[in-house]
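A.B. asks: data-v9.cif (mmCIF, C-alpha atoms) pasted underneath:
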```
data_data
#
loop_
_atom_site.group_PDB
_atom_site.id
_atom_site.type_symbol
_atom_site.label_atom_id
_atom_site.label_comp_id
_atom_site.auth_asym_id
_atom_site.auth_seq_id
_atom_site.Cartn_x
_atom_site.Cartn_y
_atom_site.Cartn_z
ATOM 1 C CA MET Y 1496 34.711 11.741 0.229
ATOM 2 C CA SER Y 1497 36.257 9.714 -2.574
ATOM 3 C CA LEU Y 1498 35.489 10.373 -6.218
ATOM 4 C CA LEU Y 1499 33.911 6.921 -6.514
ATOM 5 C CA LEU Y 1500 31.587 7.441 -3.550
ATOM 6 C CA ALA Y 1501 30.651 10.915 -4.744
ATOM 7 C CA LEU Y 1502 29.618 9.468 -8.088
ATOM 8 C CA ALA Y 1503 27.792 6.541 -6.519
ATOM 9 C CA LEU Y 1504 25.716 8.823 -4.303
ATOM 10 C CA GLN Y 1505 25.200 11.520 -6.911
ATOM 11 C CA VAL Y 1506 21.744 10.620 -8.210
ATOM 12 C CA GLY Y 1507 18.929 8.171 -7.755
ATOM 13 C CA PRO Y 1508 16.946 6.331 -5.108
ATOM 14 C CA ASN Y 1509 18.451 4.890 -1.974
ATOM 15 C CA PRO Y 1510 18.498 1.086 -2.176
ATOM 16 C CA LEU Y 1511 19.318 0.986 1.535
ATOM 17 C CA GLY Y 1512 15.755 2.071 2.116
ATOM 18 C CA GLY Y 1513 14.803 -1.478 3.089
ATOM 19 C CA ALA Y 1514 13.681 -4.282 0.876
ATOM 20 C CA MET Y 1515 11.693 -6.418 3.271
ATOM 21 C CA PRO Y 1516 8.810 -4.608 4.988
ATOM 22 C CA ASN Y 1517 7.380 -7.846 6.388
ATOM 23 C CA ASP Y 1518 10.454 -9.713 7.569
ATOM 24 C CA ASP Y 1519 10.739 -11.981 10.598
ATOM 25 C CA LEU Y 1520 11.895 -9.237 12.943
ATOM 26 C CA VAL Y 1521 9.399 -6.455 12.356
ATOM 27 C CA ARG Y 1522 6.042 -6.631 10.620
ATOM 28 C CA ASP Y 1523 5.925 -2.946 9.719
ATOM 29 C CA ARG Y 1524 9.460 -1.766 9.252
ATOM 30 C CA PRO Y 1525 9.773 2.042 9.358
ATOM 31 C CA PRO Y 1526 10.993 4.042 6.396
ATOM 32 C CA ARG Y 1527 14.746 4.253 6.404
ATOM 33 C CA ALA Y 1528 15.273 7.821 5.364
ATOM 34 C CA ASP Y 1529 18.320 7.911 7.641
ATOM 35 C CA ALA Y 1530 19.796 4.766 6.172
ATOM 36 C CA ALA Y 1531 22.326 6.133 3.715
ATOM 37 C CA ALA Y 1532 25.128 8.571 4.200
ATOM 38 C CA PRO Y 1533 23.900 12.008 3.104
ATOM 39 C CA PRO Y 1534 24.629 12.669 -0.551
ATOM 40 C CA PRO Y 1535 27.240 15.311 -1.320
ATOM 41 C CA SER Y 1536 26.194 18.831 -2.086
ATOM 42 C CA ALA Y 1537 26.245 20.110 -5.652
ATOM 43 C CA ALA Y 1538 29.390 22.034 -4.807
ATOM 44 C CA ASP Y 1539 31.117 18.936 -3.465
ATOM 45 C CA VAL Y 1540 30.233 16.959 -6.570
ATOM 46 C CA ALA Y 1541 31.350 19.751 -8.851
ATOM 47 C CA ALA Y 1542 34.664 19.995 -7.021
ATOM 48 C CA GLU Y 1543 35.355 16.273 -6.892
ATOM 49 C CA ALA Y 1544 33.498 14.880 -9.890
ATOM 50 C CA PRO Y 1545 33.104 17.285 -12.776
ATOM 51 C CA LEU Y 1546 30.582 16.116 -15.356
ATOM 52 C CA ASN Y 1547 32.532 13.753 -17.581
ATOM 53 C CA ALA Y 1548 31.588 10.683 -19.573
ATOM 54 C CA THR Y 1549 31.482 8.518 -16.452
ATOM 55 C CA SER Y 1550 29.320 10.771 -14.302
ATOM 56 C CA ALA Y 1551 27.089 11.701 -17.255
ATOM 57 C CA TRP Y 1552 26.446 8.034 -17.982
ATOM 58 C CA LEU Y 1553 25.631 7.324 -14.332
ATOM 59 C CA GLN Y 1554 23.193 10.226 -14.219
ATOM 60 C CA GLY Y 1555 21.503 8.960 -17.357
ATOM 61 C CA CYS Y 1556 21.220 5.405 -16.068
ATOM 62 C CA LEU Y 1557 19.911 6.343 -12.636
ATOM 63 C CA SER Y 1558 17.488 8.896 -14.068
ATOM 64 C CA GLN Y 1559 15.799 6.019 -15.926
ATOM 65 C CA LEU Y 1560 15.011 4.155 -12.717
ATOM 66 C CA GLU Y 1561 11.801 5.899 -11.771
ATOM 67 C CA GLU Y 1562 10.145 5.792 -15.183
ATOM 68 C CA ASP Y 1563 11.685 2.676 -16.742
ATOM 69 C CA PRO Y 1564 13.815 0.493 -14.446
ATOM 70 C CA ALA Y 1565 13.929 -2.276 -17.064
ATOM 71 C CA ARG Y 1566 15.651 0.100 -19.480
ATOM 72 C CA ALA Y 1567 18.112 1.173 -16.781
ATOM 73 C CA HIS Y 1568 18.798 -2.501 -16.082
ATOM 74 C CA ALA Y 1569 19.569 -3.127 -19.760
ATOM 75 C CA MET Y 1570 21.729 0.004 -20.025
ATOM 76 C CA ALA Y 1571 23.769 -1.074 -17.021
ATOM 77 C CA GLN Y 1572 24.273 -4.605 -18.328
ATOM 78 C CA ILE Y 1573 25.652 -3.262 -21.606
ATOM 79 C CA ARG Y 1574 27.879 -0.751 -19.833
ATOM 80 C CA ARG Y 1575 29.237 -3.370 -17.449
ATOM 81 C CA ALA Y 1576 30.156 -5.695 -20.308
ATOM 82 C CA GLU Y 1577 32.052 -2.912 -22.097
ATOM 83 C CA SER Y 1578 33.884 -1.239 -19.202
ATOM 84 C CA THR Y 1579 36.565 -1.713 -16.565
ATOM 85 C CA GLY Y 1580 37.696 0.027 -13.399
ATOM 86 C CA THR Y 1581 35.519 2.780 -11.974
ATOM 87 C CA ASP Y 1582 33.154 2.678 -14.951
ATOM 88 C CA ARG Y 1583 32.443 -1.001 -14.296
ATOM 89 C CA VAL Y 1584 31.893 -0.405 -10.576
ATOM 90 C CA LEU Y 1585 29.354 2.308 -11.315
ATOM 91 C CA ALA Y 1586 27.673 0.159 -13.964
ATOM 92 C CA ASN Y 1587 27.203 -2.498 -11.298
ATOM 93 C CA HIS Y 1588 25.867 0.164 -8.927
ATOM 94 C CA CYS Y 1589 23.160 1.172 -11.418
ATOM 95 C CA LEU Y 1590 22.520 -2.456 -12.364
ATOM 96 C CA GLY Y 1591 22.018 -3.459 -8.745
ATOM 97 C CA THR Y 1592 19.727 -0.519 -8.078
ATOM 98 C CA ALA Y 1593 17.628 -1.244 -11.165
ATOM 99 C CA ALA Y 1594 17.431 -4.927 -10.284
ATOM 100 C CA SER Y 1595 16.224 -3.967 -6.795
ATOM 101 C CA GLU Y 1596 13.496 -1.819 -8.310
ATOM 102 C CA LEU Y 1597 12.438 -4.807 -10.427
ATOM 103 C CA GLY Y 1598 12.569 -7.261 -7.522
ATOM 104 C CA LEU Y 1599 15.397 -9.225 -9.174
ATOM 105 C CA TRP Y 1600 17.183 -9.840 -5.913
ATOM 106 C CA ASP Y 1601 19.773 -12.340 -7.141
ATOM 107 C CA ASP Y 1602 20.806 -9.921 -9.895
ATOM 108 C CA ALA Y 1603 20.961 -7.076 -7.394
ATOM 109 C CA ARG Y 1604 23.065 -9.066 -4.975
ATOM 110 C CA THR Y 1605 25.506 -10.146 -7.689
ATOM 111 C CA ALA Y 1606 25.883 -6.597 -9.010
ATOM 112 C CA PHE Y 1607 26.403 -4.980 -5.609
ATOM 113 C CA ALA Y 1608 28.829 -7.705 -4.499
ATOM 114 C CA ALA Y 1609 30.813 -7.208 -7.712
ATOM 115 C CA ALA Y 1610 30.853 -3.447 -7.146
ATOM 116 C CA ARG Y 1611 32.289 -4.000 -3.671
ATOM 117 C CA ALA Y 1612 34.877 -6.516 -4.882
ATOM 118 C CA GLU Y 1613 36.061 -4.198 -7.677
ATOM 119 C CA THR Y 1614 36.264 -1.098 -5.475
ATOM 120 C CA PRO Y 1615 39.856 -0.409 -4.356
ATOM 121 C CA ALA Y 1616 40.658 -1.771 -0.905
ATOM 122 C CA ALA Y 1617 41.514 1.719 0.337
ATOM 123 C CA GLU Y 1618 37.930 2.846 -0.348
ATOM 124 C CA SER Y 1619 36.522 1.161 2.753
ATOM 125 C CA ARG Y 1620 33.470 3.392 3.069
ATOM 126 C CA THR Y 1621 32.386 2.738 -0.501
ATOM 127 C CA ARG Y 1622 32.999 -0.992 -0.066
ATOM 128 C CA ALA Y 1623 30.856 -0.920 3.084
ATOM 129 C CA ARG Y 1624 27.995 0.737 1.238
ATOM 130 C CA PHE Y 1625 28.036 -1.775 -1.620
ATOM 131 C CA GLY Y 1626 28.423 -4.665 0.818
ATOM 132 C CA ALA Y 1627 25.405 -3.519 2.827
ATOM 133 C CA LEU Y 1628 23.384 -3.248 -0.375
ATOM 134 C CA ALA Y 1629 24.431 -6.763 -1.394
ATOM 135 C CA GLY Y 1630 23.459 -8.109 2.011
ATOM 136 C CA ASN Y 1631 20.092 -6.361 1.901
ATOM 137 C CA ALA Y 1632 19.419 -7.872 -1.535
ATOM 138 C CA ALA Y 1633 20.393 -11.340 -0.311
ATOM 139 C CA LEU Y 1634 18.009 -10.975 2.617
ATOM 140 C CA ALA Y 1635 15.207 -9.826 0.345
ATOM 141 C CA GLY Y 1636 15.920 -12.809 -1.906
ATOM 142 C CA GLY Y 1637 15.478 -15.243 0.969
ATOM 143 C CA ASP Y 1638 19.128 -16.169 1.574
ATOM 144 C CA ALA Y 1639 19.584 -15.197 5.216
ATOM 145 C CA ALA Y 1640 22.843 -17.132 5.592
ATOM 146 C CA GLY Y 1641 24.332 -15.430 2.548
ATOM 147 C CA ALA Y 1642 23.091 -12.076 3.801
ATOM 148 C CA GLU Y 1643 24.820 -12.627 7.129
ATOM 149 C CA ARG Y 1644 28.169 -13.262 5.430
ATOM 150 C CA LEU Y 1645 27.862 -10.178 3.240
ATOM 151 C CA LEU Y 1646 26.804 -7.967 6.130
ATOM 152 C CA ILE Y 1647 29.688 -9.125 8.325
ATOM 153 C CA GLU Y 1648 32.011 -7.944 5.542
ATOM 154 C CA ALA Y 1649 30.109 -4.657 5.292
ATOM 155 C CA GLU Y 1650 30.451 -4.059 9.024
ATOM 156 C CA ALA Y 1651 34.193 -4.721 8.845
ATOM 157 C CA ASP Y 1652 34.585 -2.278 5.937
ATOM 158 C CA ALA Y 1653 32.560 0.339 7.811
ATOM 159 C CA ARG Y 1654 34.710 -0.059 10.928
ATOM 160 C CA ALA Y 1655 37.839 0.370 8.827
ATOM 161 C CA ALA Y 1656 36.354 3.589 7.427
ATOM 162 C CA ARG Y 1657 35.145 4.718 10.871
ATOM 163 C CA ALA Y 1658 31.675 5.023 9.349
ATOM 164 C CA SER Y 1659 29.491 4.384 12.386
ATOM 165 C CA LEU Y 1660 26.180 4.894 10.608
ATOM 166 C CA LEU Y 1661 26.994 2.412 7.845
ATOM 167 C CA GLU Y 1662 28.189 -0.101 10.432
ATOM 168 C CA ALA Y 1663 24.954 0.325 12.401
ATOM 169 C CA ILE Y 1664 22.851 -0.163 9.258
ATOM 170 C CA ALA Y 1665 24.716 -3.356 8.383
ATOM 171 C CA ALA Y 1666 24.416 -4.618 11.965
ATOM 172 C CA THR Y 1667 20.675 -3.952 11.931
ATOM 173 C CA ASP Y 1668 20.168 -5.926 8.733
ATOM 174 C CA ARG Y 1669 22.408 -8.689 10.047
ATOM 175 C CA ALA Y 1670 20.114 -8.914 13.082
ATOM 176 C CA ARG Y 1671 17.164 -9.460 10.738
ATOM 177 C CA ALA Y 1672 19.072 -12.263 9.013
ATOM 178 C CA LEU Y 1673 19.977 -13.843 12.336
ATOM 179 C CA VAL Y 1674 16.349 -13.821 13.480
ATOM 180 C CA THR Y 1675 15.401 -15.614 10.274
ATOM 181 C CA LEU Y 1676 18.099 -18.179 11.066
ATOM 182 C CA GLY Y 1677 16.735 -18.642 14.596
ATOM 183 C CA ARG Y 1678 19.795 -17.130 16.302
ATOM 184 C CA THR Y 1679 17.979 -14.557 18.400
ATOM 185 C CA ASP Y 1680 20.690 -14.045 21.026
ATOM 186 C CA GLN Y 1681 23.172 -13.086 18.311
ATOM 187 C CA ALA Y 1682 20.536 -10.881 16.694
ATOM 188 C CA LEU Y 1683 20.055 -9.019 19.953
ATOM 189 C CA ALA Y 1684 23.822 -8.564 20.279
ATOM 190 C CA ALA Y 1685 23.903 -7.073 16.766
ATOM 191 C CA LEU Y 1686 21.122 -4.638 17.682
ATOM 192 C CA ASP Y 1687 22.928 -3.740 20.909
ATOM 193 C CA ASN Y 1688 25.944 -2.858 18.785
ATOM 194 C CA ALA Y 1689 23.839 -0.832 16.345
ATOM 195 C CA THR Y 1690 22.196 1.226 19.081
ATOM 196 C CA THR Y 1691 25.557 1.787 20.778
ATOM 197 C CA LEU Y 1692 27.161 2.961 17.544
ATOM 198 C CA VAL Y 1693 24.322 5.342 16.648
ATOM 199 C CA PRO Y 1694 22.175 5.869 19.769
ATOM 200 C CA ASP Y 1695 20.050 8.559 18.123
ATOM 201 C CA ARG Y 1696 18.777 6.326 15.293
ATOM 202 C CA ALA Y 1697 15.210 5.322 16.115
ATOM 203 C CA GLU Y 1698 15.076 2.223 13.913
ATOM 204 C CA GLY Y 1699 17.616 0.329 15.973
ATOM 205 C CA TRP Y 1700 15.617 0.910 19.148
ATOM 206 C CA LEU Y 1701 12.367 -0.088 17.453
ATOM 207 C CA LEU Y 1702 13.827 -3.352 16.182
ATOM 208 C CA LYS Y 1703 15.395 -4.000 19.569
ATOM 209 C CA ALA Y 1704 12.064 -3.404 21.317
ATOM 210 C CA THR Y 1705 10.323 -5.788 18.919
ATOM 211 C CA LEU Y 1706 12.867 -8.553 19.422
ATOM 212 C CA LEU Y 1707 12.872 -8.147 23.202
ATOM 213 C CA ARG Y 1708 9.079 -8.320 23.182
ATOM 214 C CA ARG Y 1709 9.177 -11.544 21.167
ATOM 215 C CA LEU Y 1710 11.672 -12.905 23.683
ATOM 216 C CA GLU Y 1711 9.152 -11.974 26.415
ATOM 217 C CA ARG Y 1712 11.606 -9.549 28.010
ATOM 218 C CA LEU Y 1713 8.901 -6.954 28.368
ATOM 219 C CA PRO Y 1714 10.471 -4.447 30.811
ATOM 220 C CA GLU Y 1715 13.496 -4.135 28.511
ATOM 221 C CA ALA Y 1716 11.204 -3.920 25.489
ATOM 222 C CA GLN Y 1717 9.335 -1.065 27.152
ATOM 223 C CA THR Y 1718 12.582 0.821 27.781
ATOM 224 C CA ALA Y 1719 13.653 0.383 24.157
ATOM 225 C CA ILE Y 1720 10.309 1.477 22.687
ATOM 226 C CA GLU Y 1721 10.268 4.536 24.926
ATOM 227 C CA ARG Y 1722 13.665 5.496 23.505
ATOM 228 C CA ALA Y 1723 12.371 4.966 19.957
ATOM 229 C CA ALA Y 1724 9.315 7.107 20.712
ATOM 230 C CA THR Y 1725 11.501 9.897 22.063
ATOM 231 C CA LEU Y 1726 13.588 9.876 18.883
ATOM 232 C CA ALA Y 1727 10.700 9.434 16.414
ATOM 233 C CA PRO Y 1728 7.434 10.419 18.110
ATOM 234 C CA SER Y 1729 5.490 10.575 14.840
ATOM 235 C CA ASN Y 1730 6.709 7.250 13.407
ATOM 236 C CA PRO Y 1731 3.598 5.054 13.099
ATOM 237 C CA ALA Y 1732 5.593 1.821 13.396
ATOM 238 C CA VAL Y 1733 6.797 2.963 16.803
ATOM 239 C CA GLY Y 1734 3.209 3.612 17.880
ATOM 240 C CA LEU Y 1735 2.125 0.176 16.712
ATOM 241 C CA GLU Y 1736 4.861 -1.599 18.640
ATOM 242 C CA ALA Y 1737 4.319 0.535 21.735
ATOM 243 C CA GLY Y 1738 0.691 -0.542 21.743
ATOM 244 C CA VAL Y 1739 1.571 -4.233 21.423
ATOM 245 C CA ILE Y 1740 3.984 -4.014 24.340
ATOM 246 C CA ALA Y 1741 1.391 -2.131 26.385
ATOM 247 C CA VAL Y 1742 -1.246 -4.828 25.826
ATOM 248 C CA LEU Y 1743 1.166 -7.577 26.831
ATOM 249 C CA THR Y 1744 1.937 -5.741 30.067
ATOM 250 C CA GLY Y 1745 -1.738 -5.269 30.896
ATOM 251 C CA ARG Y 1746 -1.969 -1.576 30.021
ATOM 252 C CA ASP Y 1747 -4.941 -1.556 27.698
ATOM 253 C CA ALA Y 1748 -5.530 2.188 28.017
ATOM 254 C CA ALA Y 1749 -1.957 2.925 26.964
ATOM 255 C CA ALA Y 1750 -2.296 0.521 24.029
ATOM 256 C CA ARG Y 1751 -5.519 2.190 22.949
ATOM 257 C CA ALA Y 1752 -3.851 5.606 23.090
ATOM 258 C CA SER Y 1753 -0.829 4.423 21.096
ATOM 259 C CA TRP Y 1754 -2.892 2.863 18.323
ATOM 260 C CA GLN Y 1755 -5.241 5.825 18.154
ATOM 261 C CA SER Y 1756 -2.222 8.097 17.752
ATOM 262 C CA VAL Y 1757 -1.141 6.028 14.737
ATOM 263 C CA ILE Y 1758 -4.556 6.535 13.138
ATOM 264 C CA ASP Y 1759 -4.496 10.261 13.886
ATOM 265 C CA LEU Y 1760 -0.911 10.846 12.710
ATOM 266 C CA ALA Y 1761 -0.887 8.626 9.622
ATOM 267 C CA PRO Y 1762 -4.447 8.274 8.303
ATOM 268 C CA GLY Y 1763 -4.876 6.135 5.226
ATOM 269 C CA THR Y 1764 -1.574 4.297 5.687
ATOM 270 C CA PRO Y 1765 -1.063 0.558 6.191
ATOM 271 C CA GLU Y 1766 0.018 1.320 9.749
ATOM 272 C CA ALA Y 1767 -3.275 3.079 10.411
ATOM 273 C CA ALA Y 1768 -5.173 0.099 9.008
ATOM 274 C CA THR Y 1769 -3.242 -2.238 11.301
ATOM 275 C CA ALA Y 1770 -3.892 0.008 14.290
ATOM 276 C CA THR Y 1771 -7.610 0.037 13.461
ATOM 277 C CA GLY Y 1772 -7.616 -3.762 13.422
ATOM 278 C CA TYR Y 1773 -5.813 -3.903 16.747
ATOM 279 C CA LEU Y 1774 -8.289 -1.496 18.327
ATOM 280 C CA ALA Y 1775 -11.187 -3.624 17.108
ATOM 281 C CA GLN Y 1776 -9.727 -6.618 18.951
ATOM 282 C CA LEU Y 1777 -9.256 -4.675 22.176
ATOM 283 C CA ALA Y 1778 -12.076 -4.553 24.681
ATOM 284 C CA PRO Y 1779 -13.827 -1.175 24.594
ATOM 285 C CA ALA Y 1780 -12.819 1.354 27.195
ATOM 286 C CA PRO Y 1781 -15.002 1.070 30.285
ATOM 287 C CA ASP Y 1782 -17.646 3.765 30.645
ATOM 288 C CA ILE Y 1783 -17.107 5.992 33.625
ATOM 289 C CA ALA Y 1784 -20.436 6.795 35.191
ATOM 290 C CA VAL Y 1785 -20.921 10.436 36.134
ATOM 291 C CA PRO Y 1786 -22.983 10.649 39.334
ATOM 292 C CA THR Y 1787 -26.192 12.668 39.255
ATOM 293 C CA PRO Y 1788 -26.690 15.395 41.839
ATOM 294 C CA GLU Y 1789 -28.944 13.050 43.846
ATOM 295 C CA GLU Y 1790 -26.172 10.404 43.869
ATOM 296 C CA THR Y 1791 -23.445 12.796 44.907
ATOM 297 C CA PRO Y 1792 -22.606 12.178 48.566
ATOM 298 C CA PRO Y 1793 -22.788 15.160 50.868
ATOM 299 C CA PRO Y 1794 -19.473 16.775 51.823
#
```
Step by step, read the file and then write its structure as structure tokens.
C.D. replies:
Amino acid sequence: MSLLLALALQVGPNPLGGAMPNDDLVRDRPPRADAAAPPPSAADVAAEAPLNATSAWLQGCLSQLEEDPARAHAMAQIRRAESTGTDRVLANHCLGTAASELGLWDDARTAFAAARAETPAAESRTRARFGALAGNAALAGGDAAGAERLLIEAEADARAARASLLEAIAATDRARALVTLGRTDQALAALDNATTLVPDRAEGWLLKATLLRRLERLPEAQTAIERAATLAPSNPAVGLEAGVIAVLTGRDAAARASWQSVIDLAPGTPEAATATGYLAQLAPAPDIAVPTPEETPPP
């Protein structure tokens, strides 16, 4: 892991956690806890990035995000104006993250794109991470075409670094942009690539199932949602989508079971509220009459 990437991942929230929970591909996008490369251990950071002025500043800026993102945003703007090289890249990293927290998507996109551009060409993995963040911010800001361009670059950087997970993340977000642009066949190809690169990542299969369902390719959607359910059986978004596919294929009992599982596994969540609404629209389960002893036919 490079010094720059170690510093960039050292502290703070994960902006790759998804900015658009209600985009055109999936209504209830799952949490993306698997979205970023795992941060280095304390030992790794200590070995590669001893606490110096650069890393201390980054820690201070990112530590402000949770309690006062506006202050972190201001700190990063000042730092960026006064620095060059690695310090400027990391200032843009904190600036982009703070802007994301504040919903300032154009600022976030500009900062992350600048961080990528100013990262040395040899640092392909770091460039891929910043490029994916820039693309995610562009998508959240409503510029799907711009997001596509940024995410294509992120995928190329990730391939150069042989970082399959980062490439799959960028491909997944590019699929969301392509759906917004009405290019569903290309979106499906991007999701095929994402699930091939990282077949054990449930989100790719969930998004693929949702898109296939919207394309009315229901048998393939069922296969994809079954794979997602195997990988993430307790993910409420998977249960919601499984129920929708079940209803469309005439399996009301299976839909009822899927949505009830969402309510049982994630009570009080938006997903549970959605599942409750779906159940209310579904015809009640038929009563099964139990014969009385007089009605029971003789053996």
A.B. asks: Please list as an NGL selection string every residue within 7 Å of Y:Ala1719, counting all atoms listed in the file and excluding residues in the same chain fewer than 3 positions away.
C.D. replies: :Y and (1700-1701 or 1703-1704 or 1715-1716 or 1722-1723)
A.B. asks: Any idea what the distance is between atom CA of Y:Ala1748 and atom CA of Y:Ile1720?
C.D. replies: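 A separation of 16.7 Å between them.
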A.B. asks: Would you place a box with edges along x, y and z of the file around all atoms of stretch 1621-1628 of chain Y listed there, add 6 Å to each of its six sides, and report the centre and edge lengths in Å to one decimal, as lines of an AutoDock Vina configuration file?
C.D. replies:
```
center_x = 28.2
center_y = -1.0
center_z = 0.7
size_x = 21.6
size_y = 19.4
size_z = 16.7
```
A.B. asks: Which residues, written as a PyMOL selection string, have at least one atom at most 10 Å from Y:Ala1663, with all atoms listed in the file counted and residues fewer than 5 positions away on the same chain left out?
C.D. replies: chain Y and resi 1530+1650+1653-1654+1658+1668-1669+1685-1694+1696+1699
A.B. asks: Which residue out of Y:Ser1729, Y:Gln1755, Y:Thr1679, Y:Ser1619 has the minimum interatomic distance to Y:Leu1707 when all atoms listed in the file are used?
C.D. replies: Y:Thr1679
A.B. asks: Between atom CA of Y:Glu1698 and atom CA of Y:Thr1667, what is the distance in Å, rounded to a tenth?
C.D. replies: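 Taking atom CA of Y:Glu1698 and atom CA of Y:Thr1667, their separation equals 8.6 Å.
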A.B. asks: What is the distance between atom CA of Y:Ala1741 and atom CA of Y:Ile1758, in Å to one decimal?
C.D. replies: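 Atom CA of Y:Ala1741 sits 16.9 Å away from atom CA of Y:Ile1758.
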A.B. asks: For Y:Arg1678, which residue among Y:Ala1616, Y:Leu1710, Y:Leu1743, Y:Ala1633 is the nearest when counting all atoms listed in the file?
C.D. replies: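 Closest candidate: Y:Leu1710.
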A.B. asks: The PyMOL selection byres ((chain Y and resi 1573-1581) around 12) - which residues does that actually catch in the file I just gave you? List them as number ranges by chain.
C.D. replies: Y: 1497-1503, 1548-1550, 1552-1553, 1555-1556, 1566-1572, 1582-1591, 1606, 1609-1615, 1618, 1621
A.B. asks: What would the selection look like, as a count of residues only, if the PyMOL selection byres ((chain Y and resi 1561) around 12) were run on the coordinates I just shared?
C.D. replies: 22
A.B. asks: Between Y:Ala1603, Y:Leu1661, Y:Thr1764, Y:Ala1778, which is the closest to Y:Ala1750 once you count all atoms listed in the file?
C.D. replies: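 Answer, going by the shortest atom-to-atom distance: Y:Ala1778.
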A.B. asks: Need a file for stretch 1726-1738 of chain Y from that block: N, CA, C and O atoms, written as a compact mmCIF listing (two decimals), in the first residue's frame.
C.D. replies:
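This went into selection23.txt:
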```txt
# COMPACT_ATOMS: atom_id res chain seq x y z
N LEU Y 1726 -25.71 -14.69 -0.47
CA LEU Y 1726 -24.57 -13.93 0.01
C LEU Y 1726 -24.93 -13.00 1.17
O LEU Y 1726 -24.08 -12.72 2.02
N ALA Y 1727 -26.16 -12.49 1.19
CA ALA Y 1727 -26.57 -11.53 2.22
C ALA Y 1727 -27.99 -11.85 2.67
O ALA Y 1727 -28.93 -11.10 2.39
N PRO Y 1728 -28.18 -12.95 3.38
CA PRO Y 1728 -29.54 -13.38 3.73
C PRO Y 1728 -30.29 -12.43 4.64
O PRO Y 1728 -31.52 -12.46 4.68
N SER Y 1729 -29.58 -11.59 5.38
CA SER Y 1729 -30.25 -10.67 6.30
C SER Y 1729 -30.35 -9.25 5.77
O SER Y 1729 -30.78 -8.36 6.49
N ASN Y 1730 -29.99 -9.03 4.51
CA ASN Y 1730 -30.06 -7.69 3.92
C ASN Y 1730 -31.51 -7.39 3.57
O ASN Y 1730 -32.11 -8.06 2.71
N PRO Y 1731 -32.12 -6.39 4.19
CA PRO Y 1731 -33.55 -6.14 3.92
C PRO Y 1731 -33.84 -5.73 2.49
O PRO Y 1731 -34.92 -6.01 1.98
N ALA Y 1732 -32.90 -5.07 1.82
CA ALA Y 1732 -33.13 -4.68 0.43
C ALA Y 1732 -33.25 -5.91 -0.46
O ALA Y 1732 -34.01 -5.91 -1.44
N VAL Y 1733 -32.50 -6.94 -0.13
CA VAL Y 1733 -32.60 -8.19 -0.89
C VAL Y 1733 -33.99 -8.80 -0.70
O VAL Y 1733 -34.63 -9.26 -1.65
N GLY Y 1734 -34.48 -8.81 0.54
CA GLY Y 1734 -35.81 -9.34 0.80
C GLY Y 1734 -36.90 -8.58 0.09
O GLY Y 1734 -37.86 -9.16 -0.43
N LEU Y 1735 -36.78 -7.26 0.04
CA LEU Y 1735 -37.75 -6.45 -0.68
C LEU Y 1735 -37.81 -6.82 -2.16
O LEU Y 1735 -38.88 -7.03 -2.74
N GLU Y 1736 -36.63 -6.87 -2.77
CA GLU Y 1736 -36.59 -7.17 -4.21
C GLU Y 1736 -37.04 -8.60 -4.49
O GLU Y 1736 -37.75 -8.86 -5.48
N ALA Y 1737 -36.67 -9.53 -3.63
CA ALA Y 1737 -37.12 -10.91 -3.82
C ALA Y 1737 -38.64 -10.99 -3.81
O ALA Y 1737 -39.25 -11.73 -4.60
N GLY Y 1738 -39.27 -10.23 -2.93
CA GLY Y 1738 -40.72 -10.22 -2.88
C GLY Y 1738 -41.35 -9.64 -4.14
O GLY Y 1738 -42.36 -10.15 -4.64
```
